[in-house]
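What follows is the content of final-v6.pdb (PDB, C-alpha atoms).
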```
ATOM      1  CA  MET B1416      79.730  97.197 138.643  1.00  0.00           C
ATOM      2  CA  LYS B1417      80.588  98.926 135.347  1.00  0.00           C
ATOM      3  CA  ASN B1418      84.317  98.971 136.212  1.00  0.00           C
ATOM      4  CA  LEU B1419      84.300  95.259 136.921  1.00  0.00           C
ATOM      5  CA  GLU B1420      82.543  94.561 133.611  1.00  0.00           C
ATOM      6  CA  MET B1421      85.091  96.674 131.744  1.00  0.00           C
ATOM      7  CA  GLN B1422      87.992  94.933 133.473  1.00  0.00           C
ATOM      8  CA  GLN B1423      86.502  91.545 132.614  1.00  0.00           C
ATOM      9  CA  PHE B1424      86.031  92.596 128.990  1.00  0.00           C
ATOM     10  CA  LYS B1425      89.661  93.764 128.793  1.00  0.00           C
ATOM     11  CA  SER B1426      90.882  90.562 130.419  1.00  0.00           C
ATOM     12  CA  ASP B1427      88.916  88.364 127.992  1.00  0.00           C
ATOM     13  CA  PHE B1428      89.998  90.526 125.070  1.00  0.00           C
ATOM     14  CA  PHE B1429      93.703  90.266 125.893  1.00  0.00           C
ATOM     15  CA  LYS B1430      93.384  86.527 126.543  1.00  0.00           C
ATOM     16  CA  ALA B1431      91.993  86.185 123.013  1.00  0.00           C
ATOM     17  CA  LEU B1432      95.086  87.995 121.700  1.00  0.00           C
ATOM     18  CA  ALA B1433      97.486  85.890 123.787  1.00  0.00           C
ATOM     19  CA  HIS B1434      98.757  83.631 121.010  1.00  0.00           C
ATOM     20  CA  PRO B1435     101.452  84.442 118.427  1.00  0.00           C
ATOM     21  CA  LEU B1436      99.473  82.956 115.526  1.00  0.00           C
ATOM     22  CA  ARG B1437      96.367  84.981 116.448  1.00  0.00           C
ATOM     23  CA  ILE B1438      98.476  88.155 116.517  1.00  0.00           C
ATOM     24  CA  ARG B1439      99.944  87.272 113.097  1.00  0.00           C
ATOM     25  CA  ILE B1440      96.453  86.686 111.708  1.00  0.00           C
ATOM     26  CA  LEU B1441      95.339  90.085 113.013  1.00  0.00           C
ATOM     27  CA  GLU B1442      98.394  91.746 111.454  1.00  0.00           C
ATOM     28  CA  LEU B1443      97.494  90.184 108.103  1.00  0.00           C
ATOM     29  CA  LEU B1444      93.851  91.213 108.395  1.00  0.00           C
ATOM     30  CA  ALA B1445      94.981  94.745 109.261  1.00  0.00           C
ATOM     31  CA  GLU B1446      96.474  94.862 105.740  1.00  0.00           C
ATOM     32  CA  SER B1447      93.322  93.541 104.024  1.00  0.00           C
ATOM     33  CA  ASP B1448      90.477  91.047 104.365  1.00  0.00           C
ATOM     34  CA  LYS B1449      91.512  87.494 103.596  1.00  0.00           C
ATOM     35  CA  ASN B1450      90.137  83.977 103.322  1.00  0.00           C
ATOM     36  CA  VAL B1451      91.542  80.996 105.251  1.00  0.00           C
ATOM     37  CA  ASN B1452      93.682  79.786 102.328  1.00  0.00           C
ATOM     38  CA  GLU B1453      95.320  83.193 101.955  1.00  0.00           C
ATOM     39  CA  ILE B1454      96.029  83.372 105.687  1.00  0.00           C
ATOM     40  CA  GLN B1455      97.427  79.809 105.703  1.00  0.00           C
ATOM     41  CA  THR B1456      99.756  80.600 102.814  1.00  0.00           C
ATOM     42  CA  LEU B1457     101.003  83.820 104.389  1.00  0.00           C
ATOM     43  CA  VAL B1458     101.652  82.339 107.836  1.00  0.00           C
ATOM     44  CA  GLY B1459     102.971  79.053 106.473  1.00  0.00           C
ATOM     45  CA  SER B1460     100.789  77.062 108.830  1.00  0.00           C
ATOM     46  CA  GLU B1461      98.396  74.153 108.541  1.00  0.00           C
ATOM     47  CA  GLY B1462      94.761  74.912 107.879  1.00  0.00           C
ATOM     48  CA  SER B1463      93.556  73.367 111.097  1.00  0.00           C
ATOM     49  CA  ALA B1464      95.812  75.646 113.186  1.00  0.00           C
ATOM     50  CA  VAL B1465      94.658  78.770 111.336  1.00  0.00           C
ATOM     51  CA  SER B1466      91.000  77.730 111.499  1.00  0.00           C
ATOM     52  CA  GLN B1467      91.300  77.005 115.214  1.00  0.00           C
ATOM     53  CA  GLN B1468      92.749  80.464 115.909  1.00  0.00           C
ATOM     54  CA  LEU B1469      90.155  82.161 113.707  1.00  0.00           C
ATOM     55  CA  THR B1470      87.450  80.388 115.718  1.00  0.00           C
ATOM     56  CA  VAL B1471      88.839  81.890 118.930  1.00  0.00           C
ATOM     57  CA  LEU B1472      89.023  85.360 117.367  1.00  0.00           C
ATOM     58  CA  ARG B1473      85.457  85.061 116.055  1.00  0.00           C
ATOM     59  CA  ALA B1474      84.130  83.839 119.406  1.00  0.00           C
ATOM     60  CA  LYS B1475      85.569  86.947 121.063  1.00  0.00           C
ATOM     61  CA  ASN B1476      84.140  89.200 118.316  1.00  0.00           C
ATOM     62  CA  ILE B1477      87.597  90.354 117.231  1.00  0.00           C
ATOM     63  CA  VAL B1478      87.180  89.198 113.625  1.00  0.00           C
ATOM     64  CA  THR B1479      84.138  88.582 111.471  1.00  0.00           C
ATOM     65  CA  GLY B1480      83.630  86.099 108.686  1.00  0.00           C
ATOM     66  CA  THR B1481      81.500  86.847 105.642  1.00  0.00           C
ATOM     67  CA  LYS B1482      80.505  84.023 103.318  1.00  0.00           C
ATOM     68  CA  GLU B1483      81.302  84.670  99.656  1.00  0.00           C
ATOM     69  CA  GLY B1484      80.329  81.639  97.610  1.00  0.00           C
ATOM     70  CA  ASN B1485      82.080  78.678  99.181  1.00  0.00           C
ATOM     71  CA  ARG B1486      84.713  80.837 100.929  1.00  0.00           C
ATOM     72  CA  VAL B1487      84.619  82.830 104.136  1.00  0.00           C
ATOM     73  CA  ILE B1488      86.346  86.193 104.020  1.00  0.00           C
ATOM     74  CA  TYR B1489      87.702  87.311 107.379  1.00  0.00           C
ATOM     75  CA  SER B1490      88.071  90.911 108.475  1.00  0.00           C
ATOM     76  CA  LEU B1491      88.747  92.869 111.635  1.00  0.00           C
ATOM     77  CA  ARG B1492      85.553  93.684 113.489  1.00  0.00           C
ATOM     78  CA  ASP B1493      86.988  96.969 114.739  1.00  0.00           C
ATOM     79  CA  PRO B1494      89.665  98.958 112.871  1.00  0.00           C
ATOM     80  CA  MET B1495      91.002 100.124 116.256  1.00  0.00           C
ATOM     81  CA  ILE B1496      92.758  96.718 116.387  1.00  0.00           C
ATOM     82  CA  ILE B1497      95.253  98.170 113.881  1.00  0.00           C
ATOM     83  CA  GLU B1498      96.085 100.959 116.337  1.00  0.00           C
ATOM     84  CA  LEU B1499      96.302  98.496 119.221  1.00  0.00           C
ATOM     85  CA  LEU B1500      98.846  96.395 117.305  1.00  0.00           C
ATOM     86  CA  ALA B1501     100.838  99.542 116.463  1.00  0.00           C
ATOM     87  CA  VAL B1502     100.859 100.613 120.126  1.00  0.00           C
ATOM     88  CA  ALA B1503     101.962  97.121 121.203  1.00  0.00           C
ATOM     89  CA  LYS B1504     104.818  97.301 118.684  1.00  0.00           C
ATOM     90  CA  GLN B1505     105.847 100.708 120.031  1.00  0.00           C
ATOM     91  CA  ILE B1506     105.810  99.391 123.612  1.00  0.00           C
ATOM     92  CA  PHE B1507     107.986  96.473 122.466  1.00  0.00           C
ATOM     93  CA  ASN B1508     110.398  98.885 120.761  1.00  0.00           C
ATOM     94  CA  ASN B1509     110.562 101.031 123.921  1.00  0.00           C
ATOM     95  CA  HIS B1510     111.390  97.957 126.000  1.00  0.00           C
ATOM     96  CA  LEU B1511     113.992  96.926 123.445  1.00  0.00           C
ATOM     97  CA  VAL B1512     115.643 100.358 123.579  1.00  0.00           C
ATOM     98  CA  ASP B1513     115.673 100.210 127.391  1.00  0.00           C
ATOM     99  CA  THR B1514     117.232  96.734 127.300  1.00  0.00           C
ATOM    100  CA  ILE B1515     119.894  97.780 124.796  1.00  0.00           C
ATOM    101  CA  THR B1516     120.709 100.849 126.895  1.00  0.00           C
ATOM    102  CA  MET B1517     121.017  98.688 130.003  1.00  0.00           C
ATOM    103  CA  LEU B1518     123.263  96.184 128.176  1.00  0.00           C
ATOM    104  CA  ASP B1519     125.435  99.017 126.873  1.00  0.00           C
ATOM    105  CA  LYS B1520     125.977 100.188 130.450  1.00  0.00           C
ATOM    106  CA  PHE B1521     127.320  96.730 131.319  1.00  0.00           C
ATOM    107  CA  LYS B1522     129.707  96.777 128.348  1.00  0.00           C
ATOM    108  CA  THR B1523     130.999 100.328 128.831  1.00  0.00           C
ATOM    109  CA  PRO B1524     133.679 100.532 131.512  1.00  0.00           C
ATOM    110  CA  ASP B1525     132.713 102.780 134.383  1.00  0.00           C
ATOM    111  CA  PRO B1526     135.107 105.785 134.397  1.00  0.00           C
ATOM    112  CA  GLN B1527     134.862 105.892 138.207  1.00  0.00           C
ATOM    113  CA  THR B1528     136.394 102.446 138.575  1.00  0.00           C
ATOM    114  CA  ASN B1529     139.843 102.492 137.136  1.00  0.00           C
ATOM    115  CA  ASP B1530     140.962  99.070 135.992  1.00  0.00           C
ATOM    116  CA  LYS B1531     144.616  99.735 136.837  1.00  0.00           C
ATOM    117  CA  GLU B1532     146.146  97.216 139.219  1.00  0.00           C
TER
END
```
Could you render the structure from this file as structure tokens?
Amino acid sequence: MKNLEMQQFKSDFFKALAHPLRIRILELLAESDKNVNEIQTLVGSEGSAVSQQLTVLRAKNIVTGTKEGNRVIYSLRDPMIIELLAVAKQIFNNHLVDTITMLDKFKTPDPQTNDKE
């Protein structure tokens, strides 16, 4: 039963990350804690979109919000998120290198096939 619970947790966790704006918000919070206005300014998005994505991230316990006066300061619940984002970037880069290598093979003429007619 423990394995199934862990798999469900991972599934829910990755679903919560499955939105480009949520990933961007996490990248910003990895740099430092921020309030909604700061996040909005940095992502260049409307407040309602940012607030909606923060609600999802809070519901999944990925970020926390701390009230300071009339503002809520958001932060990552677990600093391991920073490492997760770095690993995801590295995986992307590895895929990109593989794709470039594959494309280069298509561009480079194969020495075995001589194009003389």
- Message: Report as number ranges by chain all protein, DNA and RNA residues lying within 12 Å of stretch 1501-1512 of chain B, evaluated on all atoms listed in the file, omitting residues in the same chain fewer than 2 positions from it.
- Response: B: 1429, 1432, 1438, 1441-1442, 1445, 1494-1499, 1514-1519
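Distance annotation: of B:Asn1450, B:Pro1435, B:Gln1455, B:Lys1522, the residue with the minimal separation from B:Asn1485 is B:Asn1450; atom set is all atoms listed in the file.
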- Message: Ranking B:Asp1493, B:Glu1483, B:Asp1513, B:Asp1427 by minimum distance to B:Val1471 and counting all atoms listed in the file, which one comes first?
- Response: B:Asp1427
- Task: For the structure provided, state which residues fall under the PyMOL selection byres ((chain B and resi 1476-1480) around 9), and present them as a ChimeraX atom specification.
- Result: /B:1428,1431,1441,1444,1450,1469,1471-1475,1481-1482,1487-1493,1496
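Picture a line from atom CA of B:Lys1449 to atom CA of B:His1434; it runs 19.3 Å.
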Taking all atoms of stretch 1512-1521 of chain B that the file lists, what box with edges along x, y and z, padded by 8 Å per side, do you get, with centre and edge lengths in Å to one decimal, as AutoDock Vina command-line options?
```
--center_x 121.5 --center_y 98.5 --center_z 127.4 --size_x 27.7 --size_y 20.7 --size_z 23.7
```
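We find atom CA of B:Arg1439 and atom CA of B:Glu1461 to be spaced 14.0 Å apart.
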- Would you mind reading off the distance between atom CA of B:Ile1440 and atom CA of B:Gln1468, one decimal, in Å? 8.4 Å
Take stretch 1457-1468 of chain B, model N, CA, C and O atoms, and hand the result over as a compact mmCIF listing (two decimals), keeping the file's coordinate frame.
```
# COMPACT_ATOMS: atom_id res chain seq x y z
N LEU B 1457 100.17 82.73 103.87
CA LEU B 1457 101.00 83.82 104.39
C LEU B 1457 101.70 83.48 105.71
O LEU B 1457 102.81 83.92 105.95
N VAL B 1458 101.03 82.70 106.55
CA VAL B 1458 101.65 82.34 107.84
C VAL B 1458 102.45 81.04 107.74
O VAL B 1458 103.22 80.72 108.63
N GLY B 1459 102.26 80.31 106.64
CA GLY B 1459 102.97 79.05 106.47
C GLY B 1459 102.57 78.02 107.51
O GLY B 1459 103.39 77.28 108.02
N SER B 1460 101.29 77.98 107.82
CA SER B 1460 100.79 77.06 108.83
C SER B 1460 99.71 76.16 108.26
O SER B 1460 99.14 76.45 107.21
N GLU B 1461 99.44 75.08 108.97
CA GLU B 1461 98.40 74.15 108.54
C GLU B 1461 97.02 74.81 108.68
O GLU B 1461 96.82 75.64 109.55
N GLY B 1462 96.11 74.36 107.86
CA GLY B 1462 94.76 74.91 107.88
C GLY B 1462 94.06 74.75 109.20
O GLY B 1462 93.36 75.65 109.65
N SER B 1463 94.26 73.61 109.84
CA SER B 1463 93.56 73.37 111.10
C SER B 1463 94.01 74.36 112.17
O SER B 1463 93.20 74.84 112.95
N ALA B 1464 95.30 74.69 112.19
CA ALA B 1464 95.81 75.65 113.19
C ALA B 1464 95.22 77.04 112.95
O ALA B 1464 94.77 77.70 113.88
N VAL B 1465 95.21 77.45 111.69
CA VAL B 1465 94.66 78.77 111.34
C VAL B 1465 93.17 78.81 111.65
O VAL B 1465 92.68 79.76 112.27
N SER B 1466 92.44 77.78 111.25
CA SER B 1466 91.00 77.73 111.50
C SER B 1466 90.69 77.76 112.99
O SER B 1466 89.76 78.44 113.43
N GLN B 1467 91.49 77.04 113.76
CA GLN B 1467 91.30 77.00 115.21
C GLN B 1467 91.47 78.41 115.81
O GLN B 1467 90.67 78.84 116.64
N GLN B 1468 92.50 79.12 115.36
CA GLN B 1468 92.75 80.46 115.91
C GLN B 1468 91.69 81.46 115.42
O GLN B 1468 91.29 82.35 116.18
```
